[in-house]
$ cat protein-v3.cif   # mmCIF, C-alpha atoms
data_my_file
#
loop_
_atom_site.label_atom_id
_atom_site.label_comp_id
_atom_site.auth_asym_id
_atom_site.auth_seq_id
_atom_site.Cartn_x
_atom_site.Cartn_y
_atom_site.Cartn_z
CA MET A 1 9.35 -38.53 38.85
CA GLY A 2 5.79 -39.60 39.42
CA GLY A 3 4.26 -40.91 36.21
CA MET A 4 5.86 -38.47 33.84
CA SER A 5 6.35 -40.08 30.47
CA VAL A 6 9.08 -38.75 28.27
CA ARG A 7 9.00 -40.33 24.87
CA MET A 8 12.10 -41.73 23.30
CA GLN A 9 12.00 -43.75 20.10
CA SER A 10 10.53 -47.22 20.51
CA SER A 11 10.25 -49.71 17.72
CA GLU A 12 6.82 -51.11 18.40
CA GLU A 13 4.44 -50.55 15.53
CA SER A 14 0.71 -50.79 16.02
CA GLY A 15 -1.21 -52.93 13.59
CA GLU A 16 -4.12 -50.54 12.98
CA THR A 17 -4.79 -49.18 9.53
CA VAL A 18 -7.19 -46.36 10.29
CA HIS A 19 -6.46 -43.07 8.51
CA ARG A 20 -6.40 -39.83 10.46
CA ALA A 21 -6.32 -36.20 9.41
CA GLY A 22 -6.23 -33.02 11.38
CA PHE A 23 -4.58 -29.79 12.41
CA ALA A 24 -1.78 -28.93 14.77
CA CYS A 25 -0.14 -25.68 15.66
CA PHE A 26 3.18 -25.05 17.32
CA VAL A 27 3.43 -22.32 19.88
CA GLY A 28 6.32 -20.95 21.85
CA ARG A 29 8.49 -17.92 22.33
CA PRO A 30 9.94 -16.37 19.15
CA ASN A 31 13.22 -18.25 19.29
CA ALA A 32 11.84 -21.63 20.30
CA GLY A 33 12.62 -23.34 16.99
CA LYS A 34 9.09 -23.57 15.62
CA SER A 35 9.87 -22.98 11.93
CA THR A 36 12.92 -25.26 11.91
CA LEU A 37 10.73 -27.96 13.38
CA THR A 38 7.95 -27.30 10.86
CA ASN A 39 10.44 -27.56 8.01
CA ALA A 40 11.91 -30.77 9.42
CA LEU A 41 8.48 -32.37 9.74
CA VAL A 42 7.25 -31.33 6.33
CA GLY A 43 10.57 -32.27 4.81
CA GLN A 44 11.04 -29.15 2.72
CA LYS A 45 11.24 -25.42 3.11
CA VAL A 46 7.83 -23.97 3.82
CA ALA A 47 6.40 -20.61 2.86
CA ILE A 48 7.91 -17.83 4.90
CA THR A 49 5.26 -15.88 6.75
CA ALA A 50 4.69 -12.18 6.32
CA ASN A 51 7.03 -10.09 8.40
CA GLN A 52 4.09 -8.56 10.24
CA PRO A 53 3.34 -11.20 12.84
CA GLN A 54 -0.24 -10.09 13.24
CA THR A 55 -1.29 -10.80 9.68
CA THR A 56 -1.44 -14.57 9.67
CA ARG A 57 -4.80 -16.10 10.37
CA HIS A 58 -4.88 -19.86 10.03
CA THR A 59 -2.21 -19.82 7.38
CA VAL A 60 -1.22 -23.36 6.50
CA ARG A 61 2.51 -23.67 7.06
CA GLY A 62 2.92 -27.15 5.73
CA ILE A 63 1.42 -30.59 5.37
CA VAL A 64 2.94 -33.79 6.67
CA HIS A 65 1.81 -36.71 4.49
CA ARG A 66 1.97 -40.24 5.74
CA PRO A 67 0.27 -43.39 4.53
CA ASP A 68 -1.77 -43.45 7.74
CA ALA A 69 -2.37 -39.75 8.26
CA GLN A 70 -2.29 -36.20 7.07
CA LEU A 71 -1.14 -33.60 9.53
CA ILE A 72 -1.76 -29.98 8.63
CA LEU A 73 0.39 -27.47 10.46
CA VAL A 74 -1.23 -24.07 10.88
CA ASP A 75 0.18 -20.83 12.10
CA THR A 76 -1.16 -18.77 14.91
CA PRO A 77 -0.13 -15.22 15.48
CA GLY A 78 2.06 -14.96 18.57
CA LEU A 79 0.30 -14.64 21.88
CA HIS A 80 1.44 -11.68 23.91
CA LYS A 81 0.40 -9.66 26.91
CA PRO A 82 -2.27 -7.40 25.43
CA ARG A 83 -1.50 -3.70 25.66
CA THR A 84 -4.22 -2.63 23.29
CA LEU A 85 -7.62 -3.65 22.12
CA LEU A 86 -5.95 -5.04 19.01
CA GLY A 87 -3.75 -7.12 21.29
CA GLU A 88 -6.81 -8.49 23.02
CA ARG A 89 -8.54 -9.28 19.76
CA LEU A 90 -5.40 -10.90 18.53
CA ASN A 91 -5.21 -13.03 21.63
CA ASP A 92 -8.82 -14.03 21.03
CA VAL A 93 -7.85 -15.17 17.54
CA VAL A 94 -5.02 -17.19 19.05
CA ARG A 95 -7.26 -18.78 21.65
CA THR A 96 -9.89 -19.60 19.04
CA THR A 97 -7.27 -21.25 16.87
CA TRP A 98 -5.92 -23.21 19.81
CA ALA A 99 -9.39 -24.43 20.62
CA GLU A 100 -10.02 -25.37 16.96
CA VAL A 101 -6.88 -27.37 16.24
CA ASP A 102 -6.57 -31.02 17.22
CA VAL A 103 -3.18 -30.77 18.90
CA ILE A 104 -1.03 -27.98 20.27
CA GLY A 105 2.72 -28.42 20.37
CA PHE A 106 4.43 -26.13 22.87
CA CYS A 107 8.05 -25.66 21.81
CA LEU A 108 10.56 -25.03 24.57
CA PRO A 109 14.26 -24.82 23.77
CA ALA A 110 16.37 -27.27 25.77
CA ASN A 111 19.14 -24.72 26.20
CA GLU A 112 17.13 -22.02 27.97
CA LYS A 113 15.57 -22.25 31.40
CA LEU A 114 11.80 -21.78 31.53
CA GLY A 115 11.03 -18.07 31.75
CA PRO A 116 8.05 -15.80 32.37
CA GLY A 117 7.20 -15.86 28.64
CA ASP A 118 6.89 -19.65 28.70
CA ARG A 119 4.83 -19.52 31.87
CA PHE A 120 2.50 -16.94 30.30
CA ILE A 121 1.87 -19.19 27.28
CA ALA A 122 1.50 -22.30 29.46
CA LYS A 123 -1.09 -20.53 31.62
CA GLU A 124 -3.10 -19.72 28.49
CA LEU A 125 -2.77 -23.33 27.34
CA ALA A 126 -4.08 -24.50 30.70
CA SER A 127 -7.32 -22.63 30.05
CA ILE A 128 -7.93 -24.54 26.84
CA LYS A 129 -9.15 -27.74 28.36
CA LYS A 130 -10.08 -30.00 25.48
CA THR A 131 -7.13 -29.71 23.12
CA PRO A 132 -4.30 -32.14 23.86
CA LYS A 133 -0.98 -30.42 24.48
CA ILE A 134 2.42 -31.85 23.68
CA ALA A 135 5.53 -30.29 25.16
CA ILE A 136 8.27 -30.35 22.54
CA VAL A 137 11.75 -29.76 23.87
CA THR A 138 13.67 -28.38 20.91
CA LYS A 139 17.38 -27.90 20.21
CA THR A 140 18.39 -30.96 22.23
CA ASP A 141 21.61 -31.10 20.19
CA LEU A 142 22.81 -28.05 22.15
CA VAL A 143 22.72 -29.58 25.65
CA ASP A 144 24.06 -32.52 27.62
CA GLY A 145 21.90 -35.26 29.11
CA LYS A 146 21.76 -33.74 32.57
CA THR A 147 20.54 -30.33 31.35
CA LEU A 148 17.94 -32.05 29.18
CA ALA A 149 16.69 -34.17 32.08
CA GLU A 150 16.34 -31.07 34.27
CA GLN A 151 14.40 -29.29 31.54
CA LEU A 152 12.05 -32.26 31.10
CA ILE A 153 11.34 -32.35 34.82
CA ALA A 154 10.76 -28.58 34.92
CA ILE A 155 8.27 -28.83 32.05
CA ASP A 156 6.46 -31.73 33.70
CA GLN A 157 6.25 -29.65 36.91
CA LEU A 158 4.95 -26.63 35.00
CA GLY A 159 1.99 -28.66 33.75
CA LYS A 160 1.24 -30.05 37.22
CA GLU A 161 1.49 -26.59 38.74
CA LEU A 162 -1.04 -25.21 36.26
CA GLY A 163 -3.31 -28.20 36.70
CA PHE A 164 -2.98 -30.01 33.39
CA GLU A 165 -1.27 -33.08 32.07
CA TRP A 166 0.93 -32.96 28.96
CA ALA A 167 -0.25 -35.54 26.44
CA GLU A 168 3.44 -36.17 25.73
CA ILE A 169 6.79 -34.61 26.47
CA VAL A 170 9.11 -35.14 23.51
CA PRO A 171 12.74 -34.06 23.18
CA VAL A 172 13.69 -33.37 19.56
CA SER A 173 16.47 -31.87 17.51
CA ALA A 174 15.22 -30.66 14.15
CA VAL A 175 18.76 -29.76 13.12
CA ALA A 176 20.15 -33.22 13.87
CA ASP A 177 16.87 -34.78 12.70
CA LYS A 178 16.53 -36.59 16.03
CA GLN A 179 13.08 -37.84 17.10
CA VAL A 180 11.29 -35.69 14.52
CA GLY A 181 9.63 -38.81 13.09
CA LEU A 182 8.72 -39.88 16.60
CA LEU A 183 7.04 -36.54 17.20
CA ALA A 184 4.85 -37.12 14.14
CA ASP A 185 4.11 -40.66 15.39
CA LEU A 186 2.89 -39.22 18.69
CA ILE A 187 0.78 -36.44 17.15
CA VAL A 188 -1.02 -38.72 14.68
CA PRO A 189 -3.05 -40.76 17.22
CA LEU A 190 -4.40 -37.48 18.62
CA LEU A 191 -5.94 -36.55 15.26
CA PRO A 192 -9.53 -37.41 14.37
CA GLU A 193 -10.17 -40.35 12.05
CA GLY A 194 -10.96 -39.36 8.50
CA PRO A 195 -9.74 -39.06 4.93
CA ALA A 196 -7.00 -36.63 3.85
CA LEU A 197 -8.27 -33.06 3.89
CA TYR A 198 -6.01 -32.14 0.99
CA PRO A 199 -6.56 -35.26 -1.10
CA ASP A 200 -3.92 -34.77 -3.77
CA GLY A 201 -1.37 -33.97 -1.13
CA GLU A 202 -1.04 -30.37 -2.23
CA LEU A 203 -2.55 -27.25 -0.80
CA THR A 204 -5.66 -27.34 -2.95
CA ASP A 205 -6.12 -23.61 -2.71
CA GLU A 206 -2.80 -23.01 -4.42
CA PRO A 207 -0.32 -21.50 -1.99
CA GLU A 208 0.10 -18.80 -4.62
CA GLN A 209 -3.48 -17.70 -4.21
CA VAL A 210 -3.08 -17.62 -0.45
CA MET A 211 0.08 -15.55 -0.77
CA ILE A 212 -1.56 -13.16 -3.21
CA ALA A 213 -4.51 -12.69 -0.87
CA GLU A 214 -2.03 -12.04 1.93
CA LEU A 215 -0.18 -9.39 -0.10
CA ILE A 216 -3.43 -7.60 -0.91
CA ARG A 217 -4.51 -7.80 2.72
CA GLU A 218 -1.17 -6.35 3.84
CA ALA A 219 -1.46 -3.45 1.39
CA ALA A 220 -5.07 -2.82 2.38
CA LEU A 221 -4.17 -2.74 6.08
CA GLU A 222 -1.23 -0.41 5.58
CA GLY A 223 -1.87 2.79 7.49
CA VAL A 224 -5.31 1.76 8.73
CA ARG A 225 -4.28 -1.19 10.88
CA ASP A 226 -5.56 0.54 14.01
CA GLU A 227 -8.98 1.21 12.53
CA LEU A 228 -9.42 -2.21 10.93
CA PRO A 229 -7.14 -4.58 12.78
CA HIS A 230 -8.62 -7.95 11.91
CA SER A 231 -11.91 -7.12 10.31
CA ILE A 232 -10.63 -7.59 6.80
CA ALA A 233 -10.23 -10.72 4.74
CA VAL A 234 -9.16 -11.11 1.14
CA VAL A 235 -10.31 -13.84 -1.20
CA VAL A 236 -8.82 -14.37 -4.63
CA GLU A 237 -11.87 -15.44 -6.61
CA GLU A 238 -10.03 -16.35 -9.80
CA MET A 239 -6.73 -16.15 -11.62
CA LEU A 240 -6.93 -16.55 -15.37
CA PRO A 241 -4.41 -15.92 -18.13
CA ARG A 242 -5.89 -13.25 -20.44
CA GLU A 243 -6.82 -14.83 -23.74
CA ASP A 244 -5.74 -13.45 -27.14
CA ARG A 245 -2.36 -12.33 -25.77
CA PRO A 246 0.86 -13.07 -27.67
CA ALA A 247 2.98 -15.71 -25.95
CA ASP A 248 5.75 -13.23 -25.18
CA LYS A 249 3.32 -10.74 -23.58
CA PRO A 250 1.18 -12.73 -21.20
CA LEU A 251 -1.18 -11.05 -18.77
CA LEU A 252 -2.76 -12.65 -15.73
CA ASP A 253 -6.20 -11.43 -14.65
CA ILE A 254 -6.69 -11.64 -10.90
CA HIS A 255 -10.11 -10.95 -9.42
CA ALA A 256 -10.11 -10.45 -5.69
CA PHE A 257 -12.56 -9.37 -3.04
CA VAL A 258 -11.66 -7.46 0.06
CA TYR A 259 -14.24 -8.41 2.67
CA ILE A 260 -14.99 -6.12 5.59
CA GLU A 261 -17.41 -6.58 8.45
CA ARG A 262 -19.38 -3.36 8.40
CA PRO A 263 -20.49 -0.86 5.75
CA SER A 264 -18.89 1.92 7.81
CA GLN A 265 -15.48 0.39 7.08
CA LYS A 266 -15.97 0.64 3.34
CA GLY A 267 -15.00 4.29 3.25
CA ILE A 268 -11.81 3.62 5.18
CA ILE A 269 -10.67 0.99 2.69
CA ILE A 270 -11.76 2.80 -0.46
CA GLY A 271 -10.72 6.30 0.61
CA PRO A 272 -11.95 9.61 -0.82
CA LYS A 273 -12.95 9.14 -4.49
CA GLY A 274 -11.53 5.62 -4.43
CA LYS A 275 -8.00 6.94 -4.14
CA ARG A 276 -6.93 4.62 -1.36
CA LEU A 277 -8.20 1.44 -2.98
CA LYS A 278 -6.38 2.43 -6.15
CA GLU A 279 -3.11 2.77 -4.19
CA VAL A 280 -3.74 -0.58 -2.53
CA GLY A 281 -4.23 -2.09 -5.99
CA ILE A 282 -1.06 -0.55 -7.41
CA LYS A 283 1.05 -1.53 -4.42
CA SER A 284 -0.15 -5.12 -4.21
CA ARG A 285 -0.05 -5.56 -7.99
CA LYS A 286 3.66 -4.72 -8.00
CA GLN A 287 4.31 -7.26 -5.26
CA ILE A 288 2.19 -9.91 -6.96
CA GLU A 289 4.07 -9.36 -10.22
CA ALA A 290 7.33 -9.74 -8.34
CA LEU A 291 6.04 -12.94 -6.73
CA LEU A 292 4.76 -14.51 -9.94
CA GLY A 293 7.21 -12.97 -12.38
CA THR A 294 4.46 -12.06 -14.82
CA PRO A 295 2.40 -8.92 -15.59
CA VAL A 296 -0.89 -8.83 -13.73
CA PHE A 297 -4.19 -7.06 -14.13
CA LEU A 298 -5.66 -6.81 -10.65
CA ASP A 299 -9.39 -6.29 -10.23
CA LEU A 300 -10.24 -5.41 -6.62
CA HIS A 301 -13.69 -5.10 -5.12
CA VAL A 302 -14.72 -4.32 -1.58
CA LYS A 303 -17.61 -6.31 -0.15
CA VAL A 304 -19.33 -6.25 3.18
CA ALA A 305 -19.66 -9.70 4.73
CA LYS A 306 -21.58 -8.89 7.86
CA ASP A 307 -19.68 -9.98 10.98
CA TRP A 308 -17.67 -12.52 9.00
CA GLN A 309 -15.44 -13.16 11.97
CA ARG A 310 -18.27 -14.61 13.97
CA ASP A 311 -20.05 -16.50 11.23
CA PRO A 312 -18.62 -19.97 10.64
CA ARG A 313 -20.20 -20.25 7.20
CA GLN A 314 -18.66 -17.00 6.03
CA LEU A 315 -15.35 -17.97 7.60
CA ARG A 316 -15.28 -21.21 5.67
CA LYS A 317 -16.04 -19.36 2.47
CA LEU A 318 -13.24 -16.94 3.26
CA GLY A 319 -10.86 -19.81 3.72
CA PHE A 320 -10.44 -19.78 7.49
#

$ encode --input "protein-v3.cif" --output "C-alpha cells"
Amino acid sequence: MGGMSVRMQSSEESGETVHRAGFACFVGRPNAGKSTLTNALVGQKVAITANQPQTTRHTVRGIVHRPDAQLILVDTPGLHKPRTLLGERLNDVVRTTWAEVDVIGFCLPANEKLGPGDRFIAKELASIKKTPKIAIVTKTDLVDGKTLAEQLIAIDQLGKELGFEWAEIVPVSAVADKQVGLLADLIVPLLPEGPALYPDGELTDEPEQVMIAELIREAALEGVRDELPHSIAVVVEEMLPREDRPADKPLLDIHAFVYIERPSQKGIIIGPKGKRLKEVGIKSRKQIEALLGTPVFLDLHVKVAKDWQRDPRQLRKLGF
C-alpha cells in the first residue's frame, strides 16, 4: 500500500503538556455526515445552521474542550461548481476559510464510492498547500471490513493522484461513537500552540447574539441577495433589558448595525423612504422574539464599512 497510514486507536500517550488551540472545518458532500460528526466531537447538539447554505460565514459550530487543547469547529458554506458570480464569490469565501483554518477534515462516507463531487472538492483542497488535510471516512458502521479497506485505498490514491499527502486517514463512526476520540487526538497536534481562544469554555460572543445577527442578516438579504450577495455583515452591538419595566412585562433592547461595503448599497438596504429597512426590522424582530421568547425593541442602523471583506481589521471587528 506504499506508506499509507490509516489510523486505528493506539494506546500510547505522549508525555507533553503543551496546550494548543485552533480552528478546523469539515468539508464534504451534503450527506457525508459532517453535522453528526460535529455533534459527536462536541458531545452535545450544536446550533443548527440557517437553511440557506450561503449565509454562514465562519459560524462557529462547536467547541471541543480538552485539558490539552481547544478545537473550534467552524462552518464553511458548501463549495460548488460556480454558475454565477455569486457562486464564484462564495467559492472564494470557502477557499479563504480553508486557507485560514488550521486543519481541514474531508468527510467521505464509507458506504458510497468516491464520486465526481468528492473529486471536485479534493481538487480544490489540493490547491490549498499549507493547510493539513485529514481524510475522515464516516459511517463505518454501515460497511464490512473489505468495503472499508477498499475505500481507504481509494482515498489514499485520490490524494496521490492530485499530488498531495493526507495528514491522516481516519475511519470513524459518529453514530457508534467509534474512533471519534481518536480523530480529536489526531487533529490536536496539528493546531498551533497557545491558550484557549474561548477561555471560559463558552462562546464568548453569546451564541444568541450570533444567531440574532444571522436572523437580521437573513431578513436584510431577502429579495436583494443578487444585488448584495456577501457584502453585508450584521453586528449586534448590545442587548440590554429595558430598565423601569415591570417584571411581568420585560422588554429587551437590541442595538444592531448592518454593515455594507459601499455607500451605493445603502439605498438598496434602506429602500425608498426607509420602507425596506423597516420591513427588515419587523421581520427579524418577530423571529428574534420567537428565538428568545421575550418582547424585543430592535434598533437597526446601516453603516458603511468600506471594503470590509478585504480589511482584516474590520473583519475582526465584525466577528469574522

$ atom_distance --input "protein-v3.cif" --atom1 "CA of Cys25 in chain A" --atom2 "CA of Ile260 in chain A"
26.5 Å

$ closest_residue --input "protein-v3.cif" --among "A:Leu298, A:Ile104, A:Gly281, A:Leu221" --to "Glu237 in chain A" --atoms "all atoms listed in the file"
A:Leu298

$ closest_residue --input "protein-v3.cif" --among "A:Glu208, A:Glu243, A:Asp299, A:Glu261" --to "Leu228 in chain A" --atoms "all atoms listed in the file"
A:Glu261

$ atom_distance --input "protein-v3.cif" --atom1 "CA of Glu289 in chain A" --atom2 "CA of Ala233 in chain A"
20.7 Å

$ residues_around --input "protein-v3.cif" --residues "range 169-175 of chain A" --least-positions-apart "4" --cutoff "10 Å" --atoms "all atoms listed in the file" --output "PDB file with C-alpha atoms, keeping the file's coordinate frame"
ATOM      1  CA  MET A   4       5.860 -38.470  33.840  1.00  0.00           C
ATOM      2  CA  SER A   5       6.350 -40.080  30.470  1.00  0.00           C
ATOM      3  CA  VAL A   6       9.080 -38.750  28.270  1.00  0.00           C
ATOM      4  CA  ARG A   7       9.000 -40.330  24.870  1.00  0.00           C
ATOM      5  CA  MET A   8      12.100 -41.730  23.300  1.00  0.00           C
ATOM      6  CA  GLN A   9      12.000 -43.750  20.100  1.00  0.00           C
ATOM      7  CA  GLY A  33      12.620 -23.340  16.990  1.00  0.00           C
ATOM      8  CA  LYS A  34       9.090 -23.570  15.620  1.00  0.00           C
ATOM      9  CA  SER A  35       9.870 -22.980  11.930  1.00  0.00           C
ATOM     10  CA  THR A  36      12.920 -25.260  11.910  1.00  0.00           C
ATOM     11  CA  LEU A  37      10.730 -27.960  13.380  1.00  0.00           C
ATOM     12  CA  THR A  38       7.950 -27.300  10.860  1.00  0.00           C
ATOM     13  CA  ASN A  39      10.440 -27.560   8.010  1.00  0.00           C
ATOM     14  CA  ALA A  40      11.910 -30.770   9.420  1.00  0.00           C
ATOM     15  CA  LEU A  41       8.480 -32.370   9.740  1.00  0.00           C
ATOM     16  CA  GLY A 105       2.720 -28.420  20.370  1.00  0.00           C
ATOM     17  CA  PHE A 106       4.430 -26.130  22.870  1.00  0.00           C
ATOM     18  CA  CYS A 107       8.050 -25.660  21.810  1.00  0.00           C
ATOM     19  CA  LEU A 108      10.560 -25.030  24.570  1.00  0.00           C
ATOM     20  CA  PRO A 109      14.260 -24.820  23.770  1.00  0.00           C
ATOM     21  CA  ALA A 110      16.370 -27.270  25.770  1.00  0.00           C
ATOM     22  CA  LYS A 133      -0.980 -30.420  24.480  1.00  0.00           C
ATOM     23  CA  ILE A 134       2.420 -31.850  23.680  1.00  0.00           C
ATOM     24  CA  ALA A 135       5.530 -30.290  25.160  1.00  0.00           C
ATOM     25  CA  ILE A 136       8.270 -30.350  22.540  1.00  0.00           C
ATOM     26  CA  VAL A 137      11.750 -29.760  23.870  1.00  0.00           C
ATOM     27  CA  THR A 138      13.670 -28.380  20.910  1.00  0.00           C
ATOM     28  CA  LYS A 139      17.380 -27.900  20.210  1.00  0.00           C
ATOM     29  CA  THR A 140      18.390 -30.960  22.230  1.00  0.00           C
ATOM     30  CA  ASP A 141      21.610 -31.100  20.190  1.00  0.00           C
ATOM     31  CA  LEU A 142      22.810 -28.050  22.150  1.00  0.00           C
ATOM     32  CA  LEU A 148      17.940 -32.050  29.180  1.00  0.00           C
ATOM     33  CA  ALA A 149      16.690 -34.170  32.080  1.00  0.00           C
ATOM     34  CA  GLN A 151      14.400 -29.290  31.540  1.00  0.00           C
ATOM     35  CA  LEU A 152      12.050 -32.260  31.100  1.00  0.00           C
ATOM     36  CA  ILE A 153      11.340 -32.350  34.820  1.00  0.00           C
ATOM     37  CA  ILE A 155       8.270 -28.830  32.050  1.00  0.00           C
ATOM     38  CA  ASP A 156       6.460 -31.730  33.700  1.00  0.00           C
ATOM     39  CA  GLU A 165      -1.270 -33.080  32.070  1.00  0.00           C
ATOM     40  CA  GLN A 179      13.080 -37.840  17.100  1.00  0.00           C
ATOM     41  CA  VAL A 180      11.290 -35.690  14.520  1.00  0.00           C
ATOM     42  CA  GLY A 181       9.630 -38.810  13.090  1.00  0.00           C
ATOM     43  CA  LEU A 182       8.720 -39.880  16.600  1.00  0.00           C
ATOM     44  CA  LEU A 183       7.040 -36.540  17.200  1.00  0.00           C
ATOM     45  CA  LEU A 186       2.890 -39.220  18.690  1.00  0.00           C
TER      46      LEU A 186
END

$ resolve_selection --input "protein-v3.cif" --expression "the PyMOL selection byres ((chain A and resi 265) around 12)" --output "number ranges by chain"
A: 220-221, 224-225, 227-232, 258-264, 266-271, 302-307

$ atom_distance --input "protein-v3.cif" --atom1 "CA of Phe257 in chain A" --atom2 "CA of Phe297 in chain A"
14.1 Å

$ closest_residue --input "protein-v3.cif" --among "A:Gly43, A:Gly194, A:Gly28, A:Pro67" --to "Ala122 in chain A" --atoms "only C-alpha atoms"
A:Gly28

$ resolve_selection --input "protein-v3.cif" --expression "the PyMOL selection byres ((chain A and resi 29) around 7)" --output "MDAnalysis selection string"
chainID A and resid 28 30:32 117:118

$ resolve_selection --input "protein-v3.cif" --expression "the PyMOL selection byres ((chain A and resi 282) around 12)" --output "VMD selection string"
chain A and resid 215 to 216 219 to 220 275 to 281 283 to 289 296 to 300

$ residues_around --input "protein-v3.cif" --residues "Glu238 in chain A" --least-positions-apart "5" --cutoff "8 Å" --atoms "only C-alpha atoms" --output "ChimeraX atom specification"
/A:253-256

$ closest_residue --input "protein-v3.cif" --among "A:Val143, A:Ala247, A:Val234, A:Val27" --to "Asn111 in chain A" --atoms "all atoms listed in the file"
A:Val143

$ closest_residue --input "protein-v3.cif" --among "A:Glu150, A:Pro189, A:Asp226, A:Gly293" --to "Glu112 in chain A" --atoms "all atoms listed in the file"
A:Glu150
